[in-house]
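This is run28.txt (compact mmCIF, C-alpha atoms).
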```
# COMPACT_ATOMS: atom_id res chain seq x y z
CA MET H 179 -148.37 -31.40 13.04
CA ARG H 180 -152.12 -31.13 13.59
CA LEU H 181 -152.71 -31.35 9.88
CA SER H 182 -156.19 -32.17 8.71
CA TYR H 183 -157.27 -34.16 5.69
CA PRO H 184 -160.75 -35.02 4.37
CA ALA H 185 -162.74 -37.28 6.66
CA ASN H 186 -164.26 -39.20 3.76
CA ILE H 187 -161.02 -41.09 3.09
CA LYS H 188 -160.92 -44.59 4.49
CA ILE H 189 -157.38 -45.72 5.13
CA ILE H 190 -156.47 -49.38 4.76
CA GLN H 191 -153.02 -50.12 6.08
CA VAL H 192 -150.76 -52.64 4.41
CA PRO H 193 -147.18 -53.58 5.33
CA CYS H 194 -145.98 -52.54 1.85
CA THR H 195 -147.86 -51.39 -1.26
CA GLY H 196 -146.53 -54.55 -2.89
CA ARG H 197 -149.27 -56.27 -0.86
CA VAL H 198 -151.98 -54.36 -2.71
CA ASP H 199 -153.51 -56.51 -5.40
CA ILE H 200 -155.61 -55.67 -8.44
CA ILE H 201 -158.64 -57.32 -6.86
CA HIS H 202 -158.35 -55.06 -3.78
CA LEU H 203 -158.66 -51.95 -5.94
CA MET H 204 -161.44 -53.52 -8.02
CA SER H 205 -163.39 -54.60 -4.93
CA ALA H 206 -163.33 -51.06 -3.55
CA LEU H 207 -164.69 -49.71 -6.83
CA GLU H 208 -167.23 -52.51 -7.05
CA ASP H 209 -168.48 -51.69 -3.57
CA GLY H 210 -169.11 -48.10 -4.60
CA ALA H 211 -165.94 -46.21 -3.72
CA ASP H 212 -165.80 -43.04 -5.82
CA GLY H 213 -162.03 -43.34 -6.05
CA VAL H 214 -159.12 -45.37 -4.72
CA TYR H 215 -155.51 -44.36 -4.37
CA VAL H 216 -152.40 -46.13 -3.27
CA ALA H 217 -149.88 -44.19 -1.19
CA GLY H 218 -146.56 -45.95 -1.53
CA CYS H 219 -143.01 -45.13 -0.57
CA LEU H 220 -140.87 -42.95 -2.80
CA GLU H 221 -139.68 -44.70 -5.94
CA GLY H 222 -136.32 -46.34 -5.37
CA GLU H 223 -136.83 -46.39 -1.61
CA CYS H 224 -138.95 -49.49 -1.13
CA HIS H 225 -137.73 -51.48 1.87
CA TYR H 226 -138.68 -54.61 -0.10
CA LEU H 227 -136.99 -53.20 -3.21
CA GLU H 228 -139.87 -53.07 -5.66
CA GLY H 229 -143.20 -53.22 -3.81
CA ASN H 230 -144.17 -49.71 -4.86
CA TYR H 231 -143.25 -50.39 -8.49
CA LYS H 232 -145.47 -53.47 -8.45
CA ALA H 233 -148.31 -51.38 -7.00
CA LYS H 234 -147.77 -48.79 -9.72
CA ARG H 235 -148.23 -51.48 -12.41
CA LYS H 236 -151.35 -52.81 -10.69
CA VAL H 237 -152.85 -49.30 -10.54
CA ALA H 238 -152.07 -48.92 -14.27
CA TYR H 239 -153.82 -52.25 -14.95
CA VAL H 240 -156.97 -51.13 -13.13
CA LYS H 241 -156.89 -47.80 -14.98
CA ASN H 242 -156.95 -49.75 -18.25
CA VAL H 243 -159.88 -51.86 -17.08
CA LEU H 244 -161.82 -48.73 -16.10
CA THR H 245 -161.09 -47.12 -19.46
CA GLU H 246 -162.35 -50.24 -21.22
CA LEU H 247 -165.53 -50.04 -19.14
CA GLY H 248 -166.07 -46.36 -19.94
CA ILE H 249 -165.28 -45.23 -16.38
CA GLU H 250 -162.85 -42.36 -15.71
CA PRO H 251 -159.39 -43.90 -15.08
CA GLU H 252 -158.57 -40.95 -12.79
CA ARG H 253 -160.68 -42.67 -10.14
CA VAL H 254 -157.62 -44.80 -9.40
CA ALA H 255 -154.24 -43.25 -8.64
CA MET H 256 -150.82 -43.98 -7.25
CA TYR H 257 -148.88 -41.51 -5.11
CA ASN H 258 -145.40 -41.79 -3.67
CA LEU H 259 -144.26 -40.19 -0.45
CA SER H 260 -142.15 -41.04 2.55
CA SER H 261 -143.46 -41.68 6.04
CA ALA H 262 -141.78 -38.42 7.11
CA GLN H 263 -143.88 -36.33 4.73
CA GLY H 264 -146.98 -35.71 6.83
CA ALA H 265 -147.76 -32.44 5.10
CA ARG H 266 -147.53 -34.13 1.69
CA PHE H 267 -149.89 -36.87 2.91
CA ALA H 268 -152.55 -34.28 3.74
CA GLU H 269 -151.92 -32.47 0.46
CA ILE H 270 -152.36 -35.69 -1.56
CA ALA H 271 -155.56 -36.52 0.32
CA ASN H 272 -156.96 -33.09 -0.48
CA ASP H 273 -155.88 -33.34 -4.14
CA MET H 274 -157.44 -36.75 -4.60
CA VAL H 275 -160.71 -35.73 -2.96
CA LYS H 276 -160.88 -32.62 -5.14
CA GLN H 277 -160.21 -34.69 -8.26
CA ILE H 278 -162.93 -37.17 -7.39
CA ARG H 279 -165.40 -34.40 -6.48
CA ASP H 280 -164.77 -32.87 -9.91
CA LEU H 281 -165.53 -36.23 -11.53
CA GLY H 282 -168.70 -36.67 -9.50
CA PRO H 283 -170.08 -39.82 -7.87
CA THR H 284 -169.11 -43.23 -9.23
CA PRO H 285 -171.36 -44.67 -11.94
CA VAL H 286 -170.99 -48.03 -10.16
CA ARG H 287 -173.86 -48.12 -7.68
CA MET O 195 -147.83 -75.10 -22.71
CA ILE O 196 -150.95 -73.92 -24.53
CA VAL O 197 -150.90 -70.14 -24.75
CA ALA O 198 -154.02 -68.00 -24.87
CA ASP O 199 -155.02 -64.35 -24.85
CA ARG O 200 -158.04 -62.99 -23.04
CA LYS O 201 -160.87 -61.76 -25.21
CA SER O 202 -161.81 -58.10 -24.96
CA LEU O 203 -164.16 -57.12 -22.16
CA GLU O 204 -166.60 -55.88 -24.80
CA GLU O 205 -166.81 -59.35 -26.35
CA ILE O 206 -167.15 -61.14 -23.00
CA LEU O 207 -169.75 -58.69 -21.72
CA GLY O 208 -171.66 -59.09 -24.99
CA MET O 209 -171.77 -62.88 -24.55
CA VAL O 210 -173.35 -62.65 -21.12
CA ALA O 211 -175.41 -59.50 -21.68
CA ASP O 212 -178.75 -61.20 -21.02
CA ARG O 213 -177.57 -63.51 -18.22
CA GLU O 214 -178.19 -62.81 -14.57
CA LYS O 215 -176.21 -65.45 -12.73
CA ILE O 216 -172.81 -66.34 -14.11
CA LEU O 217 -169.91 -68.54 -13.13
CA ILE O 218 -166.43 -67.53 -14.27
CA LEU O 219 -164.45 -70.76 -14.39
CA GLY O 220 -160.66 -70.69 -14.39
CA CYS O 221 -158.25 -73.57 -15.02
CA LYS O 222 -155.08 -74.34 -13.05
CA GLY O 223 -153.28 -75.66 -16.14
CA CYS O 224 -151.61 -73.81 -18.98
CA VAL O 225 -153.78 -70.69 -18.76
CA THR O 226 -152.70 -70.17 -15.15
CA VAL O 227 -149.05 -70.34 -16.21
CA CYS O 228 -149.58 -67.83 -19.04
CA ASN O 229 -151.47 -65.53 -16.65
CA VAL O 230 -154.71 -65.48 -18.56
CA GLY O 231 -157.21 -67.81 -16.95
CA GLY O 232 -156.18 -68.91 -13.48
CA LEU O 233 -157.82 -68.18 -10.14
CA LYS O 234 -156.49 -64.63 -10.01
CA GLU O 235 -157.66 -63.76 -13.50
CA ALA O 236 -161.07 -65.39 -12.88
CA GLU O 237 -161.49 -63.29 -9.71
CA ILE O 238 -160.57 -60.09 -11.55
CA LEU O 239 -162.87 -60.86 -14.49
CA ALA O 240 -165.74 -61.62 -12.11
CA SER O 241 -165.26 -58.27 -10.39
CA THR O 242 -164.96 -56.49 -13.76
CA VAL O 243 -168.21 -57.99 -15.03
CA ARG O 244 -170.01 -56.97 -11.83
CA ILE O 245 -168.68 -53.40 -12.11
CA ALA O 246 -169.70 -53.18 -15.79
CA ARG O 247 -173.20 -54.44 -15.11
CA LYS O 248 -173.67 -52.22 -12.06
CA LYS O 249 -172.69 -49.27 -14.23
CA GLU O 250 -175.33 -50.29 -16.80
CA GLY O 251 -177.91 -50.55 -14.04
CA LYS O 252 -178.30 -54.30 -14.70
CA PRO O 253 -176.61 -55.92 -11.68
CA VAL O 254 -175.51 -59.51 -12.13
CA GLU O 255 -174.52 -62.26 -9.75
CA VAL O 256 -171.05 -63.50 -10.67
CA ALA O 257 -169.20 -66.29 -8.91
CA HIS O 258 -165.73 -67.49 -9.72
CA ARG O 259 -164.01 -70.81 -9.29
CA VAL O 260 -161.03 -72.68 -10.65
CA LEU O 261 -160.72 -76.33 -11.62
CA GLU O 262 -157.48 -78.31 -11.45
CA ARG O 263 -157.81 -78.86 -15.21
CA GLN O 264 -160.74 -78.40 -17.55
CA CYS O 265 -159.29 -80.93 -20.01
CA ASP O 266 -159.82 -83.85 -17.65
CA ASN O 267 -163.28 -85.27 -16.95
CA GLU O 268 -162.07 -86.28 -13.51
CA TYR O 269 -162.04 -82.57 -12.59
CA VAL O 270 -164.90 -81.45 -14.83
CA THR O 271 -167.25 -83.70 -12.82
CA GLN O 272 -166.53 -81.54 -9.76
CA LEU O 273 -168.95 -79.02 -11.22
CA ALA O 274 -171.88 -81.47 -11.29
CA ASP O 275 -173.59 -80.23 -8.11
CA THR O 276 -173.51 -76.54 -8.97
CA VAL O 277 -173.42 -76.17 -12.75
CA ALA O 278 -177.22 -75.87 -13.02
CA ASP O 279 -177.26 -72.97 -10.55
CA TYR O 280 -176.04 -70.55 -13.23
CA ASP O 281 -177.53 -68.98 -16.38
CA ALA O 282 -174.16 -69.33 -18.08
CA VAL O 283 -170.59 -70.38 -17.42
CA VAL O 284 -167.64 -68.43 -18.81
CA SER O 285 -164.62 -70.68 -19.19
CA MET O 286 -161.17 -69.11 -19.00
CA ALA O 287 -159.45 -72.33 -20.12
CA CYS O 288 -158.09 -72.99 -23.61
CA GLY O 289 -160.53 -74.17 -26.26
CA VAL O 290 -160.48 -77.66 -24.78
CA GLY O 291 -162.16 -76.55 -21.54
CA PRO O 292 -165.49 -75.26 -22.87
CA GLN O 293 -165.77 -78.40 -25.02
CA PHE O 294 -165.21 -80.88 -22.20
CA LEU O 295 -167.68 -78.86 -20.13
CA SER O 296 -170.28 -78.75 -22.93
CA GLU O 297 -169.94 -82.49 -23.50
CA MET O 298 -170.46 -83.29 -19.82
CA TYR O 299 -173.20 -80.72 -19.17
CA PRO O 300 -175.25 -80.43 -22.39
CA ASP O 301 -177.97 -78.32 -20.72
CA GLN O 302 -175.59 -75.51 -19.74
CA VAL O 303 -174.12 -72.77 -21.95
CA PHE O 304 -170.32 -72.33 -21.85
CA PHE O 305 -168.73 -69.20 -23.27
CA PRO O 306 -164.99 -68.96 -24.01
CA ALA O 307 -163.29 -65.98 -22.34
CA VAL O 308 -159.97 -66.53 -24.09
CA ASN O 309 -158.66 -67.01 -27.61
CA THR O 310 -156.36 -70.04 -27.69
CA THR O 311 -153.36 -69.15 -29.80
CA PHE O 312 -150.46 -71.65 -29.85
CA PHE O 313 -148.13 -74.15 -28.14
CA GLY O 314 -145.21 -72.17 -26.84
CA GLY O 315 -143.37 -70.73 -23.90
CA ALA O 316 -142.41 -67.46 -22.22
CA VAL O 317 -139.26 -65.91 -23.68
CA GLN O 318 -139.44 -63.15 -21.08
CA HIS O 319 -141.95 -62.17 -18.42
CA GLY O 320 -145.10 -61.26 -20.31
CA VAL O 321 -143.93 -62.42 -23.75
CA TRP O 322 -144.82 -65.83 -25.18
CA GLU O 323 -143.70 -67.30 -28.48
CA GLU O 324 -144.83 -70.22 -30.59
CA ARG O 325 -142.51 -73.22 -30.61
CA CYS O 326 -144.57 -76.21 -31.71
CA ALA O 327 -147.23 -76.71 -34.37
CA GLY O 328 -148.27 -80.17 -33.18
CA CYS O 329 -147.60 -81.70 -36.62
CA GLY O 330 -147.51 -85.19 -35.16
CA ALA O 331 -144.10 -86.18 -36.60
CA CYS O 332 -141.34 -84.37 -34.73
CA GLY O 333 -138.04 -83.81 -36.53
CA ILE O 334 -136.56 -80.99 -34.45
CA HIS O 335 -133.22 -82.82 -34.19
CA LEU O 336 -132.73 -82.43 -37.94
CA PHE O 337 -132.74 -78.64 -37.64
CA GLY O 338 -130.46 -77.93 -34.72
CA GLY O 339 -133.31 -78.00 -32.23
CA LEU O 340 -135.21 -75.22 -33.98
CA CYS O 341 -138.53 -76.20 -35.55
CA PRO O 342 -139.13 -74.82 -39.04
CA ILE O 343 -142.65 -76.25 -39.12
CA ALA O 344 -143.79 -74.00 -36.27
CA ARG O 345 -141.37 -71.12 -36.68
CA CYS O 346 -141.03 -70.61 -40.43
CA ALA O 347 -144.06 -68.81 -41.87
CA LYS O 348 -144.00 -71.26 -44.81
CA SER O 349 -142.89 -74.34 -42.79
CA LEU O 350 -140.02 -74.83 -45.25
CA LEU O 351 -137.79 -77.86 -44.80
CA HIS O 352 -134.77 -77.07 -46.97
CA GLY O 353 -133.65 -73.55 -46.17
CA PRO O 354 -134.85 -69.96 -46.12
CA CYS O 355 -137.02 -68.38 -48.77
CA GLY O 356 -136.29 -65.09 -50.55
CA GLY O 357 -138.17 -63.19 -47.87
CA SER O 358 -135.39 -63.64 -45.32
CA ALA O 359 -133.34 -60.48 -44.78
CA ASN O 360 -130.79 -59.86 -42.02
CA GLY O 361 -132.21 -62.70 -39.99
CA ILE O 362 -135.75 -61.30 -40.11
CA CYS O 363 -138.80 -62.84 -41.76
CA GLU O 364 -140.64 -60.70 -44.29
CA VAL O 365 -143.95 -61.59 -42.66
CA HIS O 366 -143.26 -59.43 -39.59
CA LYS O 367 -140.36 -57.29 -38.43
CA ASP O 368 -140.47 -58.92 -34.97
CA THR O 369 -140.30 -62.44 -36.38
CA ALA O 370 -136.88 -64.01 -36.70
CA CYS O 371 -136.20 -66.06 -39.82
CA ILE O 372 -135.79 -69.44 -38.16
CA TRP O 373 -133.93 -70.77 -41.19
CA ASP O 374 -131.34 -68.03 -40.75
CA ALA O 375 -130.94 -69.21 -37.14
CA ILE O 376 -130.81 -72.89 -38.14
CA VAL O 377 -128.08 -72.27 -40.74
CA LYS O 378 -126.06 -70.11 -38.33
CA LYS O 379 -126.28 -72.76 -35.62
CA LYS O 380 -125.23 -75.52 -37.99
CA MET O 381 -122.26 -73.38 -39.14
CA ASP O 382 -121.27 -72.54 -35.55
CA THR O 383 -121.33 -76.18 -34.55
CA GLY O 384 -119.56 -77.36 -37.72
CA HIS O 385 -122.49 -79.42 -38.97
CA LEU O 386 -123.60 -77.38 -41.95
CA GLU O 387 -123.42 -80.43 -44.22
CA ASP O 388 -126.38 -81.94 -42.27
CA LEU O 389 -128.61 -79.55 -44.15
CA VAL O 390 -127.56 -80.93 -47.53
CA ALA O 391 -129.54 -84.10 -46.90
CA VAL O 392 -132.79 -84.05 -48.83
CA LYS O 393 -135.80 -84.57 -46.59
CA PRO O 394 -138.64 -86.60 -48.05
CA PHE O 395 -142.02 -84.94 -48.57
CA LYS O 396 -143.56 -84.28 -45.19
CA ASP O 397 -146.53 -86.50 -44.54
CA TRP O 398 -149.10 -84.07 -43.24
CA ARG O 399 -151.59 -86.80 -42.44
CA THR O 400 -150.21 -86.83 -38.89
CA ALA O 401 -151.02 -83.13 -38.58
CA ARG O 402 -154.42 -81.45 -38.81
CA ASP O 403 -154.61 -82.35 -42.51
CA GLY O 404 -155.50 -85.87 -41.48
CA GLY O 405 -158.57 -84.61 -39.61
CA PRO O 406 -159.15 -84.55 -35.83
CA ARG O 407 -156.54 -86.67 -34.12
CA ARG O 408 -156.73 -89.30 -31.42
CA SER O 409 -154.01 -90.73 -29.24
CA ILE O 410 -154.57 -94.17 -27.79
CA ARG O 411 -152.30 -95.77 -25.21
CA GLU O 412 -153.52 -99.36 -25.03
CA GLU O 413 -151.78 -100.14 -21.76
CA LEU O 414 -153.57 -97.25 -20.05
CA VAL O 415 -156.92 -98.04 -21.65
CA LYS O 416 -156.74 -101.43 -19.93
CA GLY O 417 -156.11 -99.82 -16.56
CA ASN O 418 -153.49 -98.04 -14.49
CA ILE O 419 -149.93 -99.24 -14.85
```
Take the structure in this file and express it as structure tokens.
Amino acid sequence: MRLSYPANIKIIQVPCTGRVDIIHLMSALEDGADGVYVAGCLEGECHYLEGNYKAKRKVAYVKNVLTELGIEPERVAMYNLSSAQGARFAEIANDMVKQIRDLGPTPVR
Amino acid sequence: MIVADRKSLEEILGMVADREKILILGCKGCVTVCNVGGLKEAEILASTVRIARKKEGKPVEVAHRVLERQCDNEYVTQLADTVADYDAVVSMACGVGPQFLSEMYPDQVFFPAVNTTFFGGAVQHGVWEERCAGCGACGIHLFGGLCPIARCAKSLLHGPCGGSANGICEVHKDTACIWDAIVKKKMDTGHLEDLVAVKPFKDWRTARDGGPRRSIREELVKGNI
């Protein structure tokens, strides 16, 4: 495909987004990440049935924490796409980077 | 189990605003089961406090740990070697935890991170309801297994009040009138006449009205059996 996406995204692979925990998202933010997003499978197509739904709820939880702390909740996001959607992967990466650039650097330094 | 709700971040952050080295202390008992103060919640709160303080430009050192139970001195002593290393300890246990800790370590400050609410259980994932008021003289069997002391807003013993409508208590639209449920159950099981029996005045001295309570098991005081 030879698609490009922003180089400032650090990818952490997990077997299923159900493995992502609240503390993983929090730790990234605590360590100064300007934003964190979870790229899970399409809703209804989780191989483990509901891993991506669990991740979605965890992302929502962290958004609430950020709101309570006066930090933009948009710094955390959940996206859904299939492993066959390479073009969509690059598009999401670009969207997220643009969104975070618009918000500016994290206030957590 | 004892059910609790976490205090708001604003309140917790306010408690430790001038502290620079904090321990967030979870409990593996009831508060772990009701997802409010176990290891996972302690870890998340520790991270949250660090993020909040970094944002304010006042970084703080926050450690987290969990004890088997904070209501047992056997486990509270496990903190002896490290408790003095912190400016403050935030306990995520029920109200018993911070008190056992304060009694054992009088020189340390212990802040409660949760509001202890009631004795109850989960009726669905994420929803807990009160079932026991700890009155000290259980008579659940007299009411079809449904406790009017804990579950009737007025703790009535002889039937519903005028505020019961369509099985709902007038106090809150989400609160069932437990007397409505008791009567229905007695009718369904053919034991409605049980409710005709007049109950004597309830002796509230076994409840909180008699002051702080103490339970002594002589055989255990003498040693393990």
Show me, as a PyMOL selection string, every residue of chain O with an atom at most 7 Å from chain H, counting only C-alpha atoms. chain O and resi 238+241+245-246+248-249
Residue contacts of Val192 in chain H (12 Å, only C-alpha atoms) excluding same-chain residues fewer than 5 positions away, as a ChimeraX atom specification: /H:197-199,202,216-219,229-230,233
Tell me, in Å to one decimal, how far CA of Cys346 in chain O is from CA of Phe395 in chain O.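 CA of Phe395 in chain O lies 16.5 Å from CA of Cys346 in chain O.
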Given all atoms listed in the file as the counted atoms, nearest of H:Ser261, H:Glu221, H:Glu252, H:Cys194 to Met274 in chain H: H:Glu252
Anything within 9 Å of (-166.3, -40.5, -13.0): list those residues as a list in words, counting all atoms listed in the file and sticking to the file's coordinates.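 Collected hits near the coordinates: Asp212, Gly213, Ile249, Glu250, Pro251, Glu252, Arg253, Ile278, Arg279, Asp280, Leu281, Gly282, Pro283, Thr284 and Pro285 of chain H.
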With C-alpha atoms retained, write the just-selected residues as a PDB file, keeping the file's coordinate frame.
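selection-v9.pdb was written with the following content:
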```pdb
ATOM      1  CA  ASP H 212    -165.800 -43.040  -5.820  1.00  0.00           C
ATOM      2  CA  GLY H 213    -162.030 -43.340  -6.050  1.00  0.00           C
ATOM      3  CA  ILE H 249    -165.280 -45.230 -16.380  1.00  0.00           C
ATOM      4  CA  GLU H 250    -162.850 -42.360 -15.710  1.00  0.00           C
ATOM      5  CA  PRO H 251    -159.390 -43.900 -15.080  1.00  0.00           C
ATOM      6  CA  GLU H 252    -158.570 -40.950 -12.790  1.00  0.00           C
ATOM      7  CA  ARG H 253    -160.680 -42.670 -10.140  1.00  0.00           C
ATOM      8  CA  ILE H 278    -162.930 -37.170  -7.390  1.00  0.00           C
ATOM      9  CA  ARG H 279    -165.400 -34.400  -6.480  1.00  0.00           C
ATOM     10  CA  ASP H 280    -164.770 -32.870  -9.910  1.00  0.00           C
ATOM     11  CA  LEU H 281    -165.530 -36.230 -11.530  1.00  0.00           C
ATOM     12  CA  GLY H 282    -168.700 -36.670  -9.500  1.00  0.00           C
ATOM     13  CA  PRO H 283    -170.080 -39.820  -7.870  1.00  0.00           C
ATOM     14  CA  THR H 284    -169.110 -43.230  -9.230  1.00  0.00           C
ATOM     15  CA  PRO H 285    -171.360 -44.670 -11.940  1.00  0.00           C
TER      16      PRO H 285
END
```
Residue with smallest distance to Ser296 in chain O - pool O:Leu350, O:Val277, O:Leu239, O:Cys228, counting all atoms listed in the file: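 The answer is O:Val277, which sits nearest to Ser296 in chain O.
If only C-alpha atoms are the atoms counted, then among O:Val243, O:Ala257, O:Ala359, O:Leu217 the closest residue to Gln302 in chain O is O:Leu217.
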One decimal, in Å: what's the spacing between CA of Cys355 in chain O and CA of His385 in chain O?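 Between CA of Cys355 in chain O and CA of His385 in chain O the gap is 20.7 Å.
Between CA of Asp279 in chain O and CA of Ile216 in chain O the separation is 8.7 Å.
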For the point (-156.5, -60.3, -24.7) in the file's frame, write as a PyMOL selection string all residues with an atom no more than 8 Å away, counting only C-alpha atoms. chain O and resi 199-202+308-309
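Nearest-residue note for Tyr239 in chain H: choosing from H:Ala271, H:Glu223, H:Leu203, H:Ser260, the minimum distance belongs to H:Leu203, counting only C-alpha atoms.
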Near Leu207 in chain O, within 10 Å and counting all atoms listed in the file, which residues show up once chain neighbours fewer than 2 positions away are dropped, as number ranges by chain? H: 247; O: 202-205, 209-213, 242-243, 246-247, 307
Could you tell me which of H:Leu220, H:Lys232, H:Pro193, H:Ala206 comes closest to Ala262 in chain H if we count all atoms listed in the file? H:Leu220
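Of the listed residues O:Pro300, O:Asp397, O:Glu387, O:Val321, the one whose atoms come nearest to Asn229 in chain O is O:Val321, with distances taken using all atoms listed in the file.
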For range 365-376 of chain O, take all atoms listed in the file, fit an axis-aligned box around them, add 6 Å to each of the six sides, then output centre and edge lengths in Å rounded to one decimal, as JSON.
```
{"center_x": -137.4, "center_y": -65.1, "center_z": -38.8, "size_x": 25.1, "size_y": 27.6, "size_z": 19.7}
```
